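structure_0.csv follows; it contains CSV, C-alpha atoms.
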chain,number,residue,atom,x,y,z
A,1,MET,CA,70.7,-48.2,4.8
A,2,GLU,CA,73.4,-48.0,2.1
A,3,LEU,CA,72.1,-49.3,-1.2
A,4,LEU,CA,74.5,-51.2,-3.6
A,5,THR,CA,74.2,-51.9,-7.2
A,6,GLY,CA,75.8,-54.1,-9.8
A,7,SER,CA,75.2,-55.6,-13.2
A,8,ARG,CA,72.9,-58.6,-13.9
A,9,SER,CA,76.0,-60.7,-14.9
A,10,GLU,CA,77.6,-60.1,-11.4
A,11,ALA,CA,74.3,-61.1,-9.7
A,12,ARG,CA,74.0,-64.3,-11.7
A,13,GLY,CA,77.6,-65.2,-10.8
A,14,ARG,CA,76.6,-65.0,-7.1
A,15,GLY,CA,73.4,-67.0,-7.6
A,16,GLN,CA,71.1,-64.1,-6.6
A,17,SER,CA,69.5,-61.1,-8.3
A,18,ILE,CA,71.3,-57.8,-7.7
A,19,GLY,CA,68.0,-56.2,-6.5
A,20,SER,CA,67.4,-58.8,-3.8
A,21,LYS,CA,67.7,-58.0,-0.1
A,22,ARG,CA,70.5,-60.5,0.1
A,23,ALA,CA,72.4,-58.4,-2.4
A,24,ALA,CA,71.9,-55.2,-0.5
A,25,VAL,CA,74.2,-56.3,2.3
A,26,ARG,CA,77.7,-57.4,1.2
A,27,ARG,CA,79.5,-60.1,3.1
A,28,PRO,CA,83.3,-59.4,3.8
A,29,THR,CA,84.4,-62.3,1.6
A,30,GLU,CA,82.4,-61.1,-1.4
A,31,GLU,CA,83.8,-58.9,-4.2
A,32,PRO,CA,82.4,-55.4,-3.5
A,33,ASN,CA,79.9,-53.8,-5.8
A,34,HIS,CA,80.3,-50.3,-7.0
A,35,ARG,CA,78.8,-47.9,-4.5
A,36,VAL,CA,76.8,-45.4,-6.6
A,37,THR,CA,77.3,-42.1,-4.8
A,38,ALA,CA,78.3,-38.6,-5.9
A,39,ASP,CA,81.5,-38.9,-3.9
A,40,SER,CA,82.6,-42.3,-5.1
A,41,PRO,CA,81.3,-42.9,-8.7
A,42,PRO,CA,82.0,-46.0,-10.6
A,43,PRO,CA,84.8,-46.0,-13.2
A,44,ARG,CA,84.1,-44.1,-16.5
A,45,ARG,CA,83.7,-46.0,-19.7
A,46,PRO,CA,87.0,-45.7,-21.6
A,47,ASP,CA,85.8,-45.5,-25.2
A,48,LEU,CA,83.2,-42.7,-25.3
A,49,PRO,CA,84.3,-39.8,-27.5
A,50,GLY,CA,84.4,-36.7,-25.4
A,51,ASP,CA,83.3,-38.7,-22.4
A,52,LEU,CA,79.6,-38.2,-23.4
A,53,ILE,CA,77.0,-40.9,-22.8
A,54,ARG,CA,74.1,-41.3,-25.2
A,55,VAL,CA,70.9,-41.7,-23.2
A,56,ALA,CA,67.4,-42.3,-24.5
A,57,THR,CA,64.9,-41.3,-21.8
A,58,ILE,CA,61.2,-42.4,-21.7
A,59,PRO,CA,59.6,-39.9,-21.7
A,60,HIS,CA,61.9,-37.9,-23.8
A,61,SER,CA,61.3,-34.7,-21.8
A,62,ASP,CA,59.3,-33.6,-18.8
A,63,PRO,CA,60.1,-31.4,-15.8
A,64,TYR,CA,61.5,-34.3,-13.7
A,65,VAL,CA,63.5,-35.9,-16.5
A,66,ASP,CA,64.9,-32.6,-17.5
A,67,ALA,CA,65.9,-31.7,-13.9
A,68,VAL,CA,67.8,-34.9,-13.2
A,69,LEU,CA,69.6,-35.3,-16.6
A,70,PRO,CA,73.4,-34.8,-16.1
A,71,PRO,CA,75.2,-32.2,-18.2
A,72,ASP,CA,77.6,-34.8,-19.6
A,73,VAL,CA,74.8,-36.7,-21.3
A,74,VAL,CA,73.6,-36.6,-24.9
A,75,ARG,CA,69.8,-37.1,-24.9
A,76,VAL,CA,68.9,-39.3,-27.9
A,77,GLY,CA,65.5,-38.7,-29.6
A,78,PRO,CA,63.3,-38.5,-31.3
A,79,ALA,CA,60.9,-36.7,-29.1
A,80,GLY,CA,57.3,-37.9,-29.1
A,81,ASP,CA,54.4,-38.8,-26.9
A,82,PRO,CA,54.2,-41.7,-26.5
A,83,SER,CA,57.9,-42.2,-26.8
A,84,PRO,CA,59.0,-44.0,-30.0
A,85,TRP,CA,61.4,-46.0,-27.8
A,86,LEU,CA,58.3,-47.9,-26.5
A,87,ASP,CA,57.8,-49.3,-30.0
A,88,VAL,CA,59.7,-52.5,-30.3
A,89,ALA,CA,60.3,-51.9,-34.0
A,90,HIS,CA,62.0,-48.6,-33.3
A,91,LEU,CA,63.9,-50.1,-30.4
A,92,ASP,CA,65.1,-53.0,-32.7
A,93,ALA,CA,66.2,-50.5,-35.4
A,94,HIS,CA,68.0,-48.0,-33.2
A,95,ALA,CA,69.2,-49.8,-30.0
A,96,GLY,CA,72.8,-49.4,-31.2
A,97,GLU,CA,72.5,-45.6,-31.2
A,98,VAL,CA,72.3,-45.4,-27.4
A,99,ASP,CA,74.5,-46.3,-24.4
A,100,VAL,CA,71.7,-46.3,-21.8
A,101,LEU,CA,67.9,-46.6,-22.0
A,102,HIS,CA,66.2,-44.9,-19.0
A,103,LEU,CA,62.6,-45.7,-18.4
A,104,HIS,CA,60.5,-43.6,-15.9
A,105,THR,CA,57.5,-45.6,-14.8
A,106,GLY,CA,54.1,-44.4,-13.5
A,107,ASP,CA,52.3,-43.3,-16.6
A,108,ALA,CA,49.4,-45.5,-17.5
A,109,HIS,CA,50.3,-45.6,-21.1
A,110,VAL,CA,53.8,-46.7,-20.4
A,111,ALA,CA,52.5,-49.5,-18.2
A,112,ALA,CA,50.2,-50.6,-21.0
A,113,VAL,CA,53.0,-50.7,-23.6
A,114,ALA,CA,56.2,-51.6,-21.7
A,115,GLY,CA,55.3,-55.1,-20.6
A,116,GLN,CA,57.0,-58.5,-21.0
A,117,CYS,CA,57.4,-58.3,-24.8
A,118,TRP,CA,59.1,-54.9,-24.6
A,119,ALA,CA,61.4,-56.0,-21.7
A,120,GLU,CA,62.4,-59.2,-23.6
A,121,THR,CA,63.3,-57.0,-26.6
A,122,VAL,CA,65.5,-54.8,-24.4
A,123,ARG,CA,67.2,-57.9,-23.0
A,124,ARG,CA,67.7,-59.4,-26.5
A,125,LEU,CA,69.2,-56.2,-28.0
A,126,GLY,CA,71.4,-55.4,-25.0
A,127,PRO,CA,71.1,-51.7,-24.2
A,128,PRO,CA,71.5,-51.2,-20.4
A,129,LEU,CA,68.1,-50.4,-18.9
A,130,VAL,CA,67.8,-48.0,-15.9
A,131,VAL,CA,64.3,-47.7,-14.4
A,132,THR,CA,63.0,-45.0,-12.1
A,133,VAL,CA,59.9,-46.1,-10.3
A,134,HIS,CA,57.5,-43.1,-9.7
A,135,ARG,CA,54.5,-45.1,-8.6
A,136,VAL,CA,54.0,-48.5,-6.9
A,137,PRO,CA,50.5,-50.0,-7.3
A,138,PRO,CA,48.7,-51.2,-4.1
A,139,SER,CA,49.4,-54.8,-3.0
A,140,GLY,CA,47.2,-57.4,-1.4
A,141,ARG,CA,43.9,-56.4,-3.0
A,142,ALA,CA,41.6,-59.4,-3.5
A,143,ALA,CA,40.5,-58.0,-6.9
A,144,PRO,CA,42.8,-55.4,-8.3
A,145,ASN,CA,41.4,-53.4,-11.2
A,146,ALA,CA,42.7,-53.7,-14.7
A,147,VAL,CA,44.9,-50.7,-14.5
A,148,GLU,CA,46.6,-51.9,-11.2
A,149,ALA,CA,47.1,-55.4,-12.6
A,150,ARG,CA,48.7,-54.0,-15.8
A,151,HIS,CA,50.9,-51.7,-13.8
A,152,GLU,CA,52.0,-54.6,-11.5
A,153,ALA,CA,52.9,-56.8,-14.5
A,154,HIS,CA,54.7,-53.9,-16.2
A,155,LEU,CA,56.9,-53.3,-13.1
A,156,GLU,CA,57.6,-57.0,-12.7
A,157,ALA,CA,58.8,-57.2,-16.3
A,158,VAL,CA,60.9,-54.0,-16.4
A,159,LEU,CA,62.4,-54.4,-13.0
A,160,ALA,CA,63.5,-57.9,-13.8
A,161,THR,CA,65.4,-56.5,-16.8
A,162,ALA,CA,66.8,-53.3,-15.3
A,163,GLU,CA,70.5,-53.0,-14.5
A,164,VAL,CA,69.8,-50.3,-11.9
A,165,VAL,CA,66.6,-49.3,-10.2
A,166,LEU,CA,66.0,-45.8,-8.8
A,167,THR,CA,63.1,-44.4,-6.8
A,168,LEU,CA,62.3,-41.3,-4.8
A,169,THR,CA,61.5,-42.3,-1.2
A,170,PRO,CA,62.7,-44.9,1.3
A,171,GLY,CA,59.2,-46.3,1.6
A,172,ALA,CA,59.0,-46.9,-2.1
A,173,ALA,CA,62.4,-48.6,-2.0
A,174,ASP,CA,61.3,-50.9,0.7
A,175,GLU,CA,58.1,-51.8,-1.2
A,176,ILE,CA,60.1,-52.5,-4.4
A,177,ALA,CA,62.5,-54.8,-2.4
A,178,ASP,CA,59.6,-56.7,-0.7
A,179,ARG,CA,57.5,-57.2,-3.8
A,180,PHE,CA,59.9,-57.3,-6.7
A,181,GLY,CA,63.2,-58.4,-5.1
A,182,ARG,CA,65.1,-55.4,-6.3
A,183,THR,CA,67.3,-52.9,-4.4
A,184,ALA,CA,66.5,-49.3,-5.4
A,185,ILE,CA,68.7,-46.3,-5.0
A,186,VAL,CA,66.8,-43.5,-3.4
A,187,VAL,CA,67.2,-40.1,-5.0
A,188,SER,CA,65.5,-36.9,-4.1
A,189,HIS,CA,63.1,-35.0,-6.3
A,190,PRO,CA,64.8,-31.7,-7.2
A,191,SER,CA,63.2,-28.3,-7.3
A,192,ALA,CA,59.9,-28.2,-9.3
A,193,ALA,CA,59.1,-24.5,-9.2
A,194,VAL,CA,60.5,-21.1,-8.4
A,195,PRO,CA,58.2,-18.9,-6.3
A,196,ASP,CA,56.9,-15.6,-7.8
A,197,PRO,CA,58.2,-12.8,-5.6
A,198,ASP,CA,55.2,-10.6,-6.5
A,199,LEU,CA,52.6,-13.3,-5.5
A,200,GLY,CA,51.3,-13.5,-1.9
A,201,ALA,CA,49.5,-16.3,0.0
A,202,GLU,CA,46.2,-16.0,1.8
A,203,ARG,CA,46.1,-17.3,5.4
A,204,GLY,CA,43.2,-19.7,5.8
A,205,LEU,CA,42.9,-20.5,2.1
A,206,VAL,CA,42.7,-24.2,1.4
A,207,GLY,CA,43.2,-25.5,-2.1
A,208,LEU,CA,42.1,-28.9,-3.5
A,209,ARG,CA,43.5,-29.7,-7.0
A,210,LEU,CA,41.3,-32.1,-9.0
A,211,GLY,CA,42.4,-33.8,-12.2
A,212,PRO,CA,40.8,-36.4,-14.4
A,213,PRO,CA,39.6,-39.6,-12.7
A,214,THR,CA,42.6,-41.8,-11.9
A,215,ALA,CA,43.0,-45.2,-10.4
A,216,GLY,CA,43.6,-44.9,-6.7
A,217,VAL,CA,42.3,-41.4,-6.3
A,218,PRO,CA,39.1,-41.1,-4.2
A,219,ASP,CA,35.9,-39.7,-5.6
A,220,ALA,CA,36.1,-36.0,-6.3
A,221,TRP,CA,32.8,-35.2,-4.6
A,222,ALA,CA,33.9,-37.0,-1.4
A,223,LEU,CA,37.2,-35.1,-1.4
A,224,VAL,CA,35.5,-31.8,-1.8
A,225,ARG,CA,32.9,-32.4,0.9
A,226,ALA,CA,35.6,-33.5,3.4
A,227,ALA,CA,38.0,-30.7,2.5
A,228,LEU,CA,35.3,-28.1,2.6
A,229,SER,CA,34.2,-29.2,6.1
A,230,GLY,CA,37.8,-29.0,7.3
A,231,ALA,CA,38.3,-25.6,5.8
A,232,VAL,CA,35.2,-24.2,7.5
A,233,SER,CA,36.0,-25.9,10.8
A,234,GLY,CA,39.4,-24.3,10.8
A,235,GLY,CA,38.1,-20.8,10.0
A,236,GLY,CA,39.2,-20.8,6.4
A,237,ARG,CA,37.7,-21.3,3.0
A,238,LEU,CA,38.1,-23.8,0.1
A,239,ARG,CA,39.3,-23.2,-3.4
A,240,VAL,CA,39.0,-26.0,-5.9
A,241,LEU,CA,41.6,-25.9,-8.6
A,242,THR,CA,41.3,-27.7,-11.9
A,243,GLU,CA,42.7,-27.5,-15.4
A,244,ASP,CA,39.4,-28.7,-16.9
A,245,GLU,CA,36.0,-27.9,-15.5
A,246,ARG,CA,34.7,-31.3,-16.5
A,247,HIS,CA,36.9,-32.9,-13.8
A,248,VAL,CA,34.9,-31.4,-10.9
A,249,GLY,CA,31.3,-32.4,-11.6
A,250,ARG,CA,28.1,-30.6,-11.4
A,251,ALA,CA,27.7,-30.8,-7.6
A,252,VAL,CA,31.0,-28.9,-7.1
A,253,ARG,CA,29.9,-26.3,-9.7
A,254,ASP,CA,26.7,-25.8,-7.9
A,255,LEU,CA,28.5,-25.2,-4.6
A,256,ALA,CA,30.7,-22.6,-6.3
A,257,ALA,CA,27.6,-20.9,-7.7
A,258,ARG,CA,26.1,-20.6,-4.2
A,259,GLY,CA,29.4,-19.1,-2.9
A,260,GLU,CA,30.2,-22.1,-0.6
A,261,LEU,CA,33.5,-22.6,-2.3
A,262,GLU,CA,35.6,-21.0,-5.0
A,263,LEU,CA,36.2,-22.8,-8.3
A,264,VAL,CA,39.3,-21.8,-10.3
A,265,VAL,CA,40.0,-23.2,-13.8
A,266,HIS,CA,43.5,-22.5,-14.9
A,267,PRO,CA,46.0,-23.5,-17.6
A,268,PRO,CA,48.7,-26.1,-16.6
A,269,ALA,CA,51.4,-23.5,-16.6
A,270,GLU,CA,49.8,-21.6,-13.8
A,271,ARG,CA,49.8,-24.6,-11.3
A,272,PRO,CA,52.8,-23.4,-9.3
A,273,ALA,CA,51.3,-19.8,-9.0
A,274,GLN,CA,47.9,-21.2,-7.9
A,275,LEU,CA,49.6,-23.4,-5.2
A,276,GLN,CA,51.7,-20.5,-4.0
A,277,GLN,CA,48.6,-18.5,-3.1
A,278,LEU,CA,47.4,-21.1,-0.7
A,279,HIS,CA,47.9,-21.6,3.1
A,280,VAL,CA,47.2,-25.4,2.7
A,281,ALA,CA,47.1,-27.6,-0.4
A,282,VAL,CA,45.2,-30.9,-0.3
A,283,LEU,CA,46.7,-33.5,-2.5
A,284,PRO,CA,44.6,-36.4,-3.5
A,285,GLU,CA,47.5,-38.5,-4.8
A,286,PRO,CA,47.0,-42.2,-5.8
A,287,TYR,CA,48.5,-45.0,-3.8
A,288,GLY,CA,52.3,-45.2,-3.8
A,289,THR,CA,52.8,-42.1,-6.0
A,290,HIS,CA,55.6,-39.7,-5.5
A,291,SER,CA,54.0,-36.2,-5.6
A,292,ARG,CA,55.4,-33.5,-7.9
A,293,ASP,CA,52.8,-31.1,-6.6
A,294,LEU,CA,54.2,-31.6,-3.1
A,295,GLU,CA,57.6,-30.6,-4.4
A,296,VAL,CA,56.1,-27.4,-5.9
A,297,CYS,CA,54.5,-26.6,-2.5
A,298,ARG,CA,57.8,-27.1,-0.8
A,299,ASP,CA,59.4,-24.7,-3.3
A,300,VAL,CA,56.8,-22.0,-3.0
A,301,GLY,CA,56.0,-22.4,0.8
A,302,THR,CA,52.6,-24.0,1.0
A,303,LEU,CA,51.6,-26.5,3.7
A,304,VAL,CA,50.5,-29.9,2.4
A,305,VAL,CA,47.8,-32.3,3.4
A,306,ALA,CA,48.4,-35.7,1.8
A,307,PRO,CA,47.1,-39.3,2.1
A,308,THR,CA,48.8,-42.0,4.2
A,309,SER,CA,48.6,-44.4,1.3
A,310,GLY,CA,51.8,-43.0,-0.2
A,311,TRP,CA,55.1,-41.8,1.2
A,312,SER,CA,54.4,-38.0,1.1
A,313,ALA,CA,55.6,-37.5,4.7
A,314,GLN,CA,59.0,-38.9,3.6
A,315,GLN,CA,59.3,-36.2,1.0
A,316,TRP,CA,59.0,-33.2,3.3
A,317,SER,CA,58.4,-32.5,7.0
A,318,GLU,CA,55.6,-29.9,6.3
A,319,VAL,CA,53.0,-32.6,5.6
A,320,VAL,CA,49.8,-33.3,7.6
A,321,SER,CA,48.5,-36.8,6.7
A,322,TYR,CA,44.9,-37.9,6.3
A,323,GLY,CA,43.8,-41.5,6.4
A,324,THR,CA,43.3,-43.8,3.5
A,325,ASP,CA,43.3,-47.6,3.5
A,326,ALA,CA,45.8,-49.8,1.7
A,327,ALA,CA,43.9,-49.4,-1.6
A,328,GLY,CA,43.7,-45.6,-1.2
A,329,ARG,CA,40.0,-45.4,-0.1
A,330,LEU,CA,39.3,-42.1,1.7
A,331,ASP,CA,38.5,-41.7,5.3
A,332,PRO,CA,36.5,-38.4,5.1
A,333,LEU,CA,36.6,-37.6,8.8
A,334,SER,CA,40.4,-38.0,8.8
A,335,LEU,CA,40.7,-35.5,5.9
A,336,THR,CA,38.4,-33.0,7.6
A,337,GLY,CA,40.4,-33.2,10.7
A,338,ALA,CA,43.7,-32.9,8.8
A,339,VAL,CA,42.6,-29.8,7.0
A,340,ALA,CA,41.4,-28.1,10.2
A,341,ALA,CA,44.7,-29.1,12.0
A,342,ALA,CA,46.8,-27.8,9.1
A,343,LEU,CA,45.1,-24.4,9.3
A,344,THR,CA,46.4,-24.0,12.8
A,345,ARG,CA,50.0,-24.2,11.6
A,346,PRO,CA,52.0,-21.3,10.2
A,347,MET,CA,52.7,-21.1,6.5
A,348,PRO,CA,56.2,-22.5,5.8
A,349,ARG,CA,58.9,-20.4,4.1
A,350,PRO,CA,59.8,-21.2,0.5
A,351,ALA,CA,62.6,-23.6,0.0
A,352,ASP,CA,66.1,-22.1,0.1
A,353,ARG,CA,67.2,-21.8,-3.5
A,354,ASP,CA,70.9,-22.4,-2.9
A,355,TRP,CA,70.0,-25.7,-1.1
A,356,ARG,CA,67.7,-26.7,-3.9
A,357,ASP,CA,70.4,-26.0,-6.5
A,358,GLU,CA,72.9,-28.1,-4.5
A,359,GLN,CA,70.3,-30.9,-4.3
A,360,ARG,CA,69.7,-30.9,-8.0
A,361,ALA,CA,73.5,-31.0,-8.7
A,362,ALA,CA,73.8,-34.0,-6.3
A,363,VAL,CA,70.9,-35.9,-8.0
A,364,GLN,CA,72.5,-35.2,-11.4
A,365,GLN,CA,75.8,-36.6,-10.2
A,366,VAL,CA,74.1,-39.8,-9.0
A,367,HIS,CA,72.5,-40.2,-12.4
A,368,ALA,CA,75.8,-39.6,-14.1
A,369,ALA,CA,77.4,-42.2,-11.9
A,370,VAL,CA,74.7,-44.8,-12.7
A,371,TYR,CA,75.0,-44.1,-16.5
A,372,ARG,CA,78.8,-44.4,-16.4
A,373,GLN,CA,78.5,-47.7,-14.5
A,374,VAL,CA,76.0,-49.4,-16.8
A,375,ALA,CA,77.6,-48.1,-20.0
A,376,ALA,CA,81.0,-49.4,-18.7
A,377,ASP,CA,79.5,-52.8,-17.9
A,378,ARG,CA,78.2,-53.0,-21.4
A,379,ALA,CA,81.5,-51.9,-23.0
A,380,TRP,CA,83.5,-54.5,-21.0
A,381,ALA,CA,81.1,-57.3,-21.4

Go ahead and render the structure in this file as structure tokens.
Amino acid sequence: MELLTGSRSEARGRGQSIGSKRAAVRRPTEEPNHRVTADSPPPRRPDLPGDLIRVATIPHSDPYVDAVLPPDVVRVGPAGDPSPWLDVAHLDAHAGEVDVLHLHTGDAHVAAVAGQCWAETVRRLGPPLVVTVHRVPPSGRAAPNAVEARHEAHLEAVLATAEVVLTLTPGAADEIADRFGRTAIVVSHPSAAVPDPDLGAERGLVGLRLGPPTAGVPDAWALVRAALSGAVSGGGRLRVLTEDERHVGRAVRDLAARGELELVVHPPAERPAQLQQLHVAVLPEPYGTHSRDLEVCRDVGTLVVAPTSGWSAQQWSEVVSYGTDAAGRLDPLSLTGAVAAALTRPMPRPADRDWRDEQRAAVQQVHAAVYRQVAADRAWA
């Protein structure tokens, strides 16, 4: 499906929101929207010195934001965590210093801060807002927890304000259209790691990475038991990876002390190297999250076992899915079977670097086209 975009003012003139499903299919009698593609970008804004566009990204910098930012963009600071651009006072004082505001959703702190008040401030001040949705909370739960409810309200507010919406899988785009009435442009996640040529992988080694407790992630002990059973059934062994030993719990530490599994505590910078050493990586991602770890595994050549509650299988073909329900609750038998099945498959080759470089360039071109479009809409308004 081709996805079309346009400004909020165009949408209002047609009596429908630009993100609606009706807006995604243009009738022959309608004035066409700009197709935002690398081959046919929208017109450039005529009054930008040096043809550079000033973009404030939230967050200011992280591996994904850095990878997709086009070279013809000036990133406007200041840097900070949390981003100063989430402060309505800073936004009010400095909105005139940017041509585009680009918000990346998914972080719990961003969801807590960038709600209705923040979105209304953006609308009042007028900087074009681009939103990339990295996580969609579960829908249809009778009693969503506070984090999920806050995330839902956050997305509703910022997506109603955004000029253009981006996301990373077709499944997420469909969910955004169904629940929030916005059409999202699907962009790929560019390369997240470069394999170490001096580092080998061990056949039969299953890795389970555990982080801090997160909404939508199954209980760590349940994950470990199911993954361990699958590793043993498949003739392999389990390595639990974590950046903080407190995230794994005493029961896991006891299993490691008895030699039933291996526990590796490593600094964040070593995550790609740790994933590269595995035959299979088990990813306990929350519901509806695009997985950066999966992209690392694709880069370094590690098979992935991931839950059905997201869209991991749309990211890469080398994914074996395990069962979770609509709220992300784990089916332990499904995870055990998925790990054992994955161990029967060969280890994939690392991603072709030339292809990954071309993919990154194409994603940057799409971002450049979007920035030019919304900056031009603002200049001509």

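Residue nearest Thr242 in chain A within the list A:Ala226, A:Val304, A:Ala269, A:Leu168: A:Ala269 [criterion: smallest interatomic distance, all atoms listed in the file].
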
Spatial neighbours of Ala251 in chain A, 10 Å, all atoms listed in the file, chain gap at least 3 places, as a ChimeraX atom specification: /A:220-221,224,248,254-257

With C-alpha atoms retained, export the selected residues as a compact mmCIF listing (two decimals), in the frame of the given file.
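Listing of out-v5.txt after writing:
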# COMPACT_ATOMS: atom_id res chain seq x y z
CA ALA A 220 36.10 -36.00 -6.30
CA TRP A 221 32.80 -35.20 -4.60
CA VAL A 224 35.50 -31.80 -1.80
CA VAL A 248 34.90 -31.40 -10.90
CA ASP A 254 26.70 -25.80 -7.90
CA LEU A 255 28.50 -25.20 -4.60
CA ALA A 256 30.70 -22.60 -6.30
CA ALA A 257 27.60 -20.90 -7.70

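If all atoms listed in the file are the atoms counted, then among A:Ala111, A:Val320, A:Ala95, A:Ala153 the closest residue to Val305 in chain A is A:Val320.
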
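Proximity ranking of A:Thr57, A:Thr132, A:Thr336, A:Thr289 relative to Val74 in chain A places A:Thr57 first, based on all atoms listed in the file.
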
Neighbour list for Ala89 in chain A as a PDB file with C-alpha atoms, in the frame of the given file, cut-off 12 Å, only C-alpha atoms, skip fewer than 6 positions in-chain:
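Writing the result to out-v1.pdb gives the following:
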ATOM      1  CA  ALA A  95      69.200 -49.800 -30.000  1.00  0.00           C
ATOM      2  CA  CYS A 117      57.400 -58.300 -24.800  1.00  0.00           C
ATOM      3  CA  TRP A 118      59.100 -54.900 -24.600  1.00  0.00           C
ATOM      4  CA  THR A 121      63.300 -57.000 -26.600  1.00  0.00           C
ATOM      5  CA  VAL A 122      65.500 -54.800 -24.400  1.00  0.00           C
ATOM      6  CA  LEU A 125      69.200 -56.200 -28.000  1.00  0.00           C
TER       7      LEU A 125
END

Since the input is missing atoms, can you rebuild N, CA and C atoms for range 307-318 of chain A and write them as a PDB file, in the coordinates of the input?
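Result written to selection37.pdb:
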ATOM      1  N   PRO A 307      47.615 -37.976   1.578  1.00  0.00           N
ATOM      2  CA  PRO A 307      47.100 -39.300   2.100  1.00  0.00           C
ATOM      3  C   PRO A 307      48.243 -40.121   2.690  1.00  0.00           C
ATOM      4  N   THR A 308      47.849 -41.004   3.589  1.00  0.00           N
ATOM      5  CA  THR A 308      48.800 -42.000   4.200  1.00  0.00           C
ATOM      6  C   THR A 308      49.113 -43.106   3.245  1.00  0.00           C
ATOM      7  N   SER A 309      48.390 -43.246   2.145  1.00  0.00           N
ATOM      8  CA  SER A 309      48.600 -44.400   1.300  1.00  0.00           C
ATOM      9  C   SER A 309      49.841 -44.284   0.409  1.00  0.00           C
ATOM     10  N   GLY A 310      50.520 -43.175   0.438  1.00  0.00           N
ATOM     11  CA  GLY A 310      51.800 -43.000  -0.200  1.00  0.00           C
ATOM     12  C   GLY A 310      52.905 -42.780   0.761  1.00  0.00           C
ATOM     13  N   TRP A 311      53.932 -42.057   0.329  1.00  0.00           N
ATOM     14  CA  TRP A 311      55.100 -41.800   1.200  1.00  0.00           C
ATOM     15  C   TRP A 311      55.351 -40.257   1.214  1.00  0.00           C
ATOM     16  N   SER A 312      54.267 -39.454   1.159  1.00  0.00           N
ATOM     17  CA  SER A 312      54.400 -38.000   1.100  1.00  0.00           C
ATOM     18  C   SER A 312      55.174 -37.454   2.282  1.00  0.00           C
ATOM     19  N   ALA A 313      54.921 -38.020   3.464  1.00  0.00           N
ATOM     20  CA  ALA A 313      55.600 -37.500   4.700  1.00  0.00           C
ATOM     21  C   ALA A 313      57.082 -37.739   4.633  1.00  0.00           C
ATOM     22  N   GLN A 314      57.555 -38.661   3.778  1.00  0.00           N
ATOM     23  CA  GLN A 314      59.000 -38.900   3.600  1.00  0.00           C
ATOM     24  C   GLN A 314      59.619 -37.866   2.666  1.00  0.00           C
ATOM     25  N   GLN A 315      58.799 -37.182   1.895  1.00  0.00           N
ATOM     26  CA  GLN A 315      59.300 -36.200   1.000  1.00  0.00           C
ATOM     27  C   GLN A 315      59.652 -34.875   1.694  1.00  0.00           C
ATOM     28  N   TRP A 316      58.823 -34.509   2.696  1.00  0.00           N
ATOM     29  CA  TRP A 316      59.000 -33.200   3.300  1.00  0.00           C
ATOM     30  C   TRP A 316      58.313 -33.221   4.680  1.00  0.00           C
ATOM     31  N   SER A 317      58.869 -32.464   5.613  1.00  0.00           N
ATOM     32  CA  SER A 317      58.400 -32.500   7.000  1.00  0.00           C
ATOM     33  C   SER A 317      57.049 -31.693   7.119  1.00  0.00           C
ATOM     34  N   GLU A 318      56.787 -30.743   6.220  1.00  0.00           N
ATOM     35  CA  GLU A 318      55.600 -29.900   6.300  1.00  0.00           C
ATOM     36  C   GLU A 318      54.394 -30.565   5.683  1.00  0.00           C
TER      37      GLU A 318
END
